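model-v7.txt follows; it contains compact mmCIF, C-alpha atoms.
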# COMPACT_ATOMS: atom_id res chain seq x y z
CA MET W 1 0.00 0.00 0.00
CA SER W 2 1.43 3.29 -1.09
CA SER W 3 0.30 5.26 1.99
CA PHE W 4 3.14 3.64 3.93
CA LYS W 5 5.55 5.71 1.84
CA ILE W 6 4.41 8.81 3.71
CA PHE W 7 6.07 7.40 6.83
CA ASP W 8 9.33 6.98 4.92
CA VAL W 9 9.11 10.52 3.54
CA ALA W 10 8.33 12.14 6.89
CA GLY W 11 10.89 9.86 8.59
CA SER W 12 13.63 10.92 6.18
CA GLY W 13 12.72 14.55 6.89
CA MET W 14 12.95 13.96 10.64
CA SER W 15 16.28 12.22 10.32
CA ALA W 16 17.71 15.01 8.12
CA GLN W 17 16.53 17.69 10.54
CA SER W 18 18.02 15.82 13.49
CA VAL W 19 21.39 15.72 11.68
CA ARG W 20 21.05 19.48 11.26
CA LEU W 21 20.24 19.88 14.98
CA ASN W 22 23.27 17.74 15.82
CA ALA W 23 25.53 19.91 13.67
CA THR W 24 24.14 23.05 15.34
CA ALA W 25 24.72 21.57 18.80
CA SER W 26 28.28 20.70 17.84
CA ASN W 27 28.90 24.21 16.48
CA LEU W 28 27.50 25.91 19.57
CA ALA W 29 29.39 23.60 21.94
CA ASN W 30 32.65 24.35 20.13
CA ALA W 31 32.06 28.07 19.70
CA ASP W 32 34.89 28.85 22.14
CA SER W 33 37.30 26.00 21.36
CA VAL W 34 40.32 28.14 20.53
CA SER W 35 43.51 26.77 19.03
CA GLY W 36 47.05 28.01 18.46
CA ASP W 37 47.06 26.79 14.85
CA PRO W 38 44.61 28.34 12.34
CA ASN W 39 44.53 25.05 10.39
CA GLN W 40 43.64 22.97 13.44
CA VAL W 41 40.85 25.15 14.82
CA TYR W 42 37.25 23.90 14.77
CA ARG W 43 35.19 25.04 11.79
CA ALA W 44 31.40 25.42 11.73
CA ARG W 45 29.69 22.38 10.16
CA HIS W 46 26.52 22.38 8.13
CA PRO W 47 24.64 19.50 6.50
CA LEU W 48 23.81 19.59 2.77
CA PHE W 49 20.30 18.37 2.00
CA GLU W 50 19.26 16.70 -1.22
CA ALA W 51 15.83 15.58 -2.45
CA VAL W 52 15.48 11.85 -3.19
CA ARG W 53 13.64 11.01 -6.41
CA ALA W 54 11.30 8.00 -6.39
CA GLY W 55 11.89 7.34 -10.09
CA LEU W 56 13.16 8.74 -13.36
CA GLY W 57 11.54 11.31 -15.60
CA GLU W 58 9.59 14.51 -15.30
CA ASN W 59 6.64 12.93 -13.54
CA ALA W 60 8.66 11.14 -10.85
CA ALA W 61 7.58 11.94 -7.33
CA THR W 62 9.98 12.88 -4.58
CA SER W 63 10.31 10.31 -1.86
CA GLY W 64 12.01 12.25 0.86
CA VAL W 65 15.21 14.00 1.72
CA LYS W 66 18.71 12.78 2.45
CA VAL W 67 21.82 14.33 3.91
CA ARG W 68 24.34 14.44 1.09
CA GLY W 69 27.20 15.36 3.36
CA ILE W 70 28.48 17.68 6.03
CA VAL W 71 30.47 20.69 4.83
CA GLU W 72 32.79 22.83 6.88
CA ASN W 73 32.54 26.59 6.73
CA GLN W 74 35.62 27.82 4.83
CA ALA W 75 35.63 31.34 6.30
CA ALA W 76 38.92 32.25 8.01
CA PRO W 77 38.95 31.81 11.80
CA SER W 78 39.28 35.04 13.76
CA ALA W 79 42.63 35.68 15.45
CA ARG W 80 42.71 37.06 19.00
CA TYR W 81 45.79 38.46 20.74
CA GLU W 82 46.00 36.53 24.03
CA PRO W 83 49.64 36.07 24.98
CA GLY W 84 48.64 34.69 28.41
CA ASN W 85 46.70 31.79 26.87
CA PRO W 86 48.66 28.50 27.09
CA LEU W 87 47.45 27.64 23.55
CA ALA W 88 48.79 30.88 22.01
CA ASP W 89 51.25 30.60 19.12
CA ALA W 90 54.74 32.22 19.01
CA ASN W 91 53.25 35.67 18.28
CA GLY W 92 50.74 35.44 21.14
CA TYR W 93 47.66 34.79 18.99
CA VAL W 94 44.91 32.22 19.47
CA TYR W 95 42.40 31.38 16.73
CA ALA W 96 38.69 31.19 17.47
CA PRO W 97 36.27 29.01 15.42
CA ASN W 98 34.26 30.70 12.65
CA VAL W 99 31.01 29.86 14.43
CA ASN W 100 28.34 32.56 14.31
CA ALA W 101 26.23 31.99 17.43
CA VAL W 102 23.26 34.01 16.11
CA GLU W 103 23.18 32.10 12.83
CA GLU W 104 23.38 28.83 14.74
CA MET W 105 20.48 29.77 17.00
CA VAL W 106 18.35 30.67 13.97
CA ASP W 107 19.34 27.38 12.33
CA MET W 108 18.40 25.52 15.50
CA ILE W 109 14.91 27.06 15.63
CA SER W 110 14.38 26.41 11.92
CA ALA W 111 15.47 22.77 12.27
CA SER W 112 13.26 22.20 15.30
CA ARG W 113 10.20 23.69 13.55
CA SER W 114 10.82 21.60 10.44
CA TYR W 115 11.19 18.51 12.63
CA GLN W 116 7.84 19.28 14.30
CA ASN W 117 6.27 19.73 10.86
CA ASN W 118 7.37 16.24 9.85
CA VAL W 119 6.11 14.74 13.12
CA GLU W 120 2.74 16.38 12.47
CA VAL W 121 2.65 14.97 8.94
CA MET W 122 3.37 11.51 10.29
CA ASN W 123 0.64 11.80 12.95
CA THR W 124 -1.93 12.94 10.40
CA ALA W 125 -0.97 10.17 7.96
CA LYS W 126 -1.29 7.64 10.78
CA GLU W 127 -4.78 8.86 11.71
CA MET W 128 -5.85 8.78 8.06
CA MET W 129 -4.65 5.19 7.69
CA LEU W 130 -6.34 4.11 10.91
CA ALA W 131 -9.58 5.69 9.70
CA THR W 132 -9.19 3.78 6.42
CA LEU W 133 -8.76 0.53 8.33
CA ARG W 134 -12.02 1.20 10.14
CA LEU W 135 -13.82 1.66 6.81
CA GLY W 136 -17.17 -0.14 6.63
CA GLN W 137 -17.47 -0.76 10.34
CA MET X 1 -29.81 -5.97 -11.88
CA PRO X 2 -26.25 -7.12 -11.20
CA VAL X 3 -24.39 -4.65 -9.02
CA ASN X 4 -20.81 -3.84 -9.97
CA LEU X 5 -19.10 -2.82 -6.74
CA ASP X 6 -16.74 -0.43 -8.53
CA THR X 7 -19.66 1.30 -10.22
CA TYR X 8 -21.57 1.37 -6.97
CA LEU X 9 -18.72 3.11 -5.14
CA GLY X 10 -18.65 5.72 -7.89
CA VAL X 11 -16.01 8.40 -7.95
CA HIS X 12 -15.10 7.96 -4.28
CA ALA X 13 -12.77 4.98 -4.63
CA ALA X 14 -10.64 6.81 -7.22
CA ALA X 15 -10.83 10.01 -5.16
CA LEU X 16 -9.55 8.19 -2.07
CA LYS X 17 -6.53 6.86 -3.99
CA LEU X 18 -5.75 10.29 -5.45
CA ARG X 19 -6.08 11.92 -2.03
CA SER X 20 -3.62 9.46 -0.56
CA GLN X 21 -1.18 10.11 -3.42
CA ARG X 22 -1.54 13.84 -2.87
CA THR X 23 -0.81 13.36 0.85
CA GLU X 24 2.44 11.71 -0.16
CA VAL X 25 3.43 14.55 -2.51
CA LEU X 26 2.64 17.19 0.12
CA ALA X 27 4.56 15.21 2.77
CA ALA X 28 7.58 15.19 0.42
CA ASN X 29 7.26 18.98 0.02
CA LEU X 30 7.24 19.46 3.80
CA ALA X 31 10.17 17.07 4.28
CA ASN X 32 12.16 19.06 1.70
CA ALA X 33 11.30 22.48 3.14
CA ASP X 34 15.02 23.14 3.75
CA THR X 35 16.52 21.41 0.71
CA PRO X 36 18.31 23.81 -1.67
CA ASN X 37 16.95 23.88 -5.25
CA TYR X 38 13.98 21.67 -4.33
CA GLN X 39 10.86 22.60 -6.26
CA ALA X 40 7.51 22.05 -4.57
CA ARG X 41 5.09 19.83 -6.46
CA ASP X 42 1.42 19.08 -6.30
CA ILE X 43 -1.32 17.10 -8.01
CA ASP X 44 -4.07 19.04 -9.76
CA PHE X 45 -6.81 17.00 -8.11
CA LYS X 46 -9.64 18.06 -10.43
CA SER X 47 -7.83 17.22 -13.68
CA ALA X 48 -6.34 14.02 -12.21
CA LEU X 49 -9.79 12.78 -11.20
CA ALA X 50 -11.17 13.77 -14.62
CA ALA X 51 -8.32 11.80 -16.25
CA VAL X 52 -9.21 8.69 -14.23
CA GLY X 53 -12.86 9.16 -15.26
CA ALA X 54 -11.94 9.53 -18.94
CA GLN X 55 -9.78 6.42 -18.78
CA SER X 56 -12.51 4.22 -17.33
CA ALA X 57 -15.05 5.68 -19.79
CA GLY X 58 -12.73 4.75 -22.68
CA ALA X 59 -12.27 1.21 -21.36
CA GLY X 60 -16.04 0.62 -21.55
CA GLY X 61 -18.07 -1.58 -19.27
CA GLY X 62 -20.01 -0.49 -16.24
CA VAL X 63 -22.33 2.46 -15.92
CA HIS X 64 -20.95 5.95 -16.42
CA LEU X 65 -22.31 9.36 -15.76
CA ALA X 66 -22.74 11.45 -18.90
CA THR X 67 -20.09 14.16 -19.10
CA THR X 68 -21.50 16.80 -21.40
CA ARG X 69 -19.42 19.71 -20.20
CA ALA X 70 -15.73 20.25 -19.40
CA GLY X 71 -16.43 20.65 -15.68
CA HIS X 72 -18.35 17.39 -15.32
CA ILE X 73 -16.78 14.46 -13.52
CA GLY X 74 -17.76 10.97 -14.60
CA ALA X 75 -18.32 8.08 -12.21
CA THR X 76 -15.22 5.94 -12.33
CA THR X 77 -13.74 2.59 -11.59
CA VAL X 78 -10.48 2.32 -9.70
CA ASP X 79 -7.45 1.69 -11.80
CA GLY X 80 -4.20 0.74 -10.10
CA THR X 81 -1.95 1.78 -12.98
CA THR X 82 -2.74 5.47 -13.22
CA THR X 83 -0.15 7.95 -12.01
CA PRO X 84 -1.49 11.47 -11.73
CA GLU X 85 0.46 14.21 -13.44
CA LEU X 86 2.68 16.07 -10.99
CA LYS X 87 2.92 19.80 -11.47
CA TYR X 88 5.28 22.38 -10.05
CA ARG X 89 4.00 25.01 -7.68
CA THR X 90 4.41 28.66 -8.69
CA PRO X 91 6.38 30.26 -5.85
CA LEU X 92 4.92 33.34 -4.22
CA ALA X 93 8.33 34.77 -3.40
CA PRO X 94 11.74 33.74 -4.75
CA SER X 95 14.32 32.40 -2.29
CA LEU X 96 18.10 32.57 -2.51
CA ASP X 97 18.66 28.80 -2.36
CA GLY X 98 16.17 28.04 -5.16
CA ASN X 99 13.73 26.26 -2.86
CA THR X 100 10.07 26.91 -3.74
CA VAL X 101 8.44 25.31 -0.68
CA ASP X 102 6.19 27.67 1.27
CA ALA X 103 5.80 25.75 4.55
CA GLN X 104 2.59 27.54 5.60
CA LEU X 105 0.98 26.97 2.20
CA GLU X 106 1.97 23.31 2.24
CA GLN X 107 0.65 22.87 5.78
CA ALA X 108 -2.67 24.40 4.76
CA ALA X 109 -2.86 22.17 1.67
CA PHE X 110 -1.96 19.13 3.78
CA ALA X 111 -4.68 19.89 6.34
CA GLU X 112 -7.24 20.52 3.57
CA ASN X 113 -6.26 17.29 1.84
CA SER X 114 -6.55 15.20 5.00
CA VAL X 115 -10.00 16.62 5.79
CA ARG X 116 -11.16 15.85 2.25
CA TYR X 117 -9.67 12.37 2.55
CA GLN X 118 -11.79 11.78 5.64
CA ALA X 119 -14.84 13.19 3.84
CA THR X 120 -14.29 10.65 1.05
CA LEU X 121 -13.92 7.94 3.69
CA THR X 122 -17.27 8.99 5.17
CA PHE X 123 -18.91 8.78 1.73
CA LEU X 124 -17.48 5.30 1.16
CA SER X 125 -18.50 4.23 4.65
CA SER X 126 -22.10 5.27 4.10
CA LYS X 127 -22.09 3.49 0.72
CA PHE X 128 -21.01 0.29 2.46
CA ARG X 129 -23.66 0.79 5.14
CA GLY X 130 -26.30 1.22 2.45
CA LEU X 131 -25.18 -2.00 0.78
CA LEU X 132 -25.28 -3.83 4.12
CA THR X 133 -28.81 -2.57 4.74
CA ALA X 134 -29.82 -3.87 1.32
CA ILE X 135 -28.19 -7.26 1.98
CA THR X 136 -29.62 -7.81 5.45
CA GLY X 137 -32.95 -6.18 4.61
CA GLN X 138 -33.36 -4.71 8.06
Can you turn what I pasted into structure tokens?
Amino acid sequence: MSSFKIFDVAGSGMSAQSVRLNATASNLANADSVSGDPNQVYRARHPLFEAVRAGLGENAATSGVKVRGIVENQAAPSARYEPGNPLADANGYVYAPNVNAVEEMVDMISASRSYQNNVEVMNTAKEMMLATLRLGQ
Amino acid sequence: MPVNLDTYLGVHAAALKLRSQRTEVLAANLANADTPNYQARDIDFKSALAAVGAQSAGAGGGVHLATTRAGHIGATTVDGTTTPELKYRTPLAPSLDGNTVDAQLEQAAFAENSVRYQATLTFLSSKFRGLLTAITGQ
């Protein structure tokens, strides 16, 4: 029965959004993880979403979303002059991650709302199927 | 008079199938609300149902409602092979990442679709009840 596909679609959406929430949590947790080497410092991570096609051709339906990969933000980390920091390099600089806390918070709210949307879709689909099973009673 | 169950159920059996397919398409739109370059899709319910009606009318057999005008919908039989034509939604506002999903619009369409699905279920249910009354004669 094709209605079961709705659970896969909404489930893939929930899983993708939870990856996004995970990435946001990681970014916020590491927002202050400074390093003495600009190449070693933590970089903000973001998932790349991609739609999954159910078949070939113009008329093919979409059957959900998948996480294509996690990309690191390539913006340069900001350097801070902190000669007292034990991690500071020879010139007294430490490098802070390129995490933008405001952007991450917005991303977090967006991911959580999208997750809730998918949960709601799944609940509605479930009720519709249960009502169909009761048909004729 | 022999009763063909498909004819007896009328347009509702096909409508139920189309509604469930539309639920799936709208669920995919909502799941891809944050996917770059994803284009929202939908089924034009009216034309899809008319296409199912035209198909069963062409196949012959069974009783059909006369469709004398473009807006008329014929009584149909359920066909498992039909796939409704998927169309792209016209976005209300462009977005930078090329995504054309309007979450609020999709939510509204999803709610509307599920209510109409349940309405179709109610129609089918009362059809079955009518048949049962005829069978038991009570």
Exercise: stretch 97-102 of chain X partners within 7 Å, only C-alpha atoms, chain neighbours under 5 positions left out, as an MDAnalysis selection string: chainID X and resid 29 33 35:40 91
Each chain W residue no farther than 8 Å from chain X, nearest pair in Å, all atoms listed in the file, as a Markdown table:
| residue | atom | partner | partner_atom | distance |
| --- | --- | --- | --- | --- |
| W:Ser2 | CA | X:Gln21 | CA | 7.7 |
| W:Ser3 | CA | X:Ser20 | CA | 6.3 |
| W:Lys5 | CA | X:Glu24 | CA | 7.0 |
| W:Ile6 | CA | X:Glu24 | CA | 5.2 |
| W:Val9 | CA | X:Ala28 | CA | 5.8 |
| W:Ala10 | CA | X:Ala31 | CA | 5.9 |
| W:Ser12 | CA | X:Ala31 | CA | 7.3 |
| W:Gly13 | CA | X:Ala31 | CA | 4.4 |
| W:Met14 | CA | X:Ala31 | CA | 7.6 |
| W:Leu48 | CA | X:Thr35 | CA | 7.8 |
| W:Phe49 | CA | X:Thr35 | CA | 5.0 |
| W:Glu50 | CA | X:Thr35 | CA | 5.8 |
| W:Ala51 | CA | X:Asn32 | CA | 6.5 |
| W:Asn59 | CA | X:Leu86 | CA | 5.7 |
| W:Ala60 | CA | X:Leu86 | CA | 7.8 |
| W:Ala61 | CA | X:Val25 | CA | 6.9 |
| W:Thr62 | CA | X:Ala28 | CA | 6.0 |
| W:Ser63 | CA | X:Ala28 | CA | 6.0 |
| W:Gly64 | CA | X:Ala28 | CA | 5.3 |
| W:Val65 | CA | X:Asn32 | CA | 5.9 |
| W:Ser114 | CA | X:Ala33 | CA | 7.4 |
| W:Asn117 | CA | X:Leu30 | CA | 7.1 |
| W:Asn118 | CA | X:Ala31 | CA | 6.3 |
| W:Val121 | CA | X:Ala27 | CA | 6.5 |
| W:Thr124 | CA | X:Ser114 | CA | 7.5 |
| W:Ala125 | CA | X:Thr23 | CA | 7.8 |
| W:Met128 | CA | X:Gln118 | CA | 7.1 |
| W:Ala131 | CA | X:Gln118 | CA | 7.6 |
| W:Thr132 | CA | X:Leu121 | CA | 6.9 |
| W:Leu135 | CA | X:Ser125 | CA | 5.8 |
| W:Gly136 | CA | X:Ser125 | CA | 5.0 |
| W:Gln137 | CA | X:Ser125 | CA | 7.6 |
With all atoms listed in the file as the counted atoms, please give the residues lying no more than 6 Å from stretch 69-73 of chain W, apart from itself and same-chain residues fewer than 2 positions off, as a tab-separated table (two decimals) with C-alpha atoms, in the coordinates of the input.
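Below is the file that was written, result-v7.tsv:
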chain	number	residue	atom	x	y	z
W	43	ARG	CA	35.19	25.04	11.79
W	44	ALA	CA	31.40	25.42	11.73
W	45	ARG	CA	29.69	22.38	10.16
W	46	HIS	CA	26.52	22.38	8.13
W	47	PRO	CA	24.64	19.50	6.50
W	48	LEU	CA	23.81	19.59	2.77
W	67	VAL	CA	21.82	14.33	3.91
W	75	ALA	CA	35.63	31.34	6.30
Interatomic distance (Å, one decimal) between atom CA of W:Leu87 and atom CA of W:Ala25: 24.0 Å
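Coordinates place atom CA of W:Tyr42 at a distance of 22.6 Å from atom CA of W:Ile109.
Our summary of the geometry notes that atom CA of W:Gly55 is positioned 15.2 Å from atom CA of W:Asp8.
Residue nearest W:Leu28, chosen from W:Val106, W:Leu130, W:Ala16, W:Val99 and counting all atoms listed in the file: W:Val99.
Restricting the calculation to all atoms listed in the file, the smallest distance between W:Asn39 and any of W:Asn91, W:Ser112, W:Ser78, W:Asn123 is found for W:Ser78.
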What are the centre and edge lengths in Å, to one decimal, of the axis-aligned box around all listed atoms of stretch 19-38 of chain X with 3 Å added on each side, as AutoDock Vina command-line options?
--center_x 6.1 --center_y 16.7 --center_z -0.5 --size_x 30.4 --size_y 20.4 --size_z 15.5
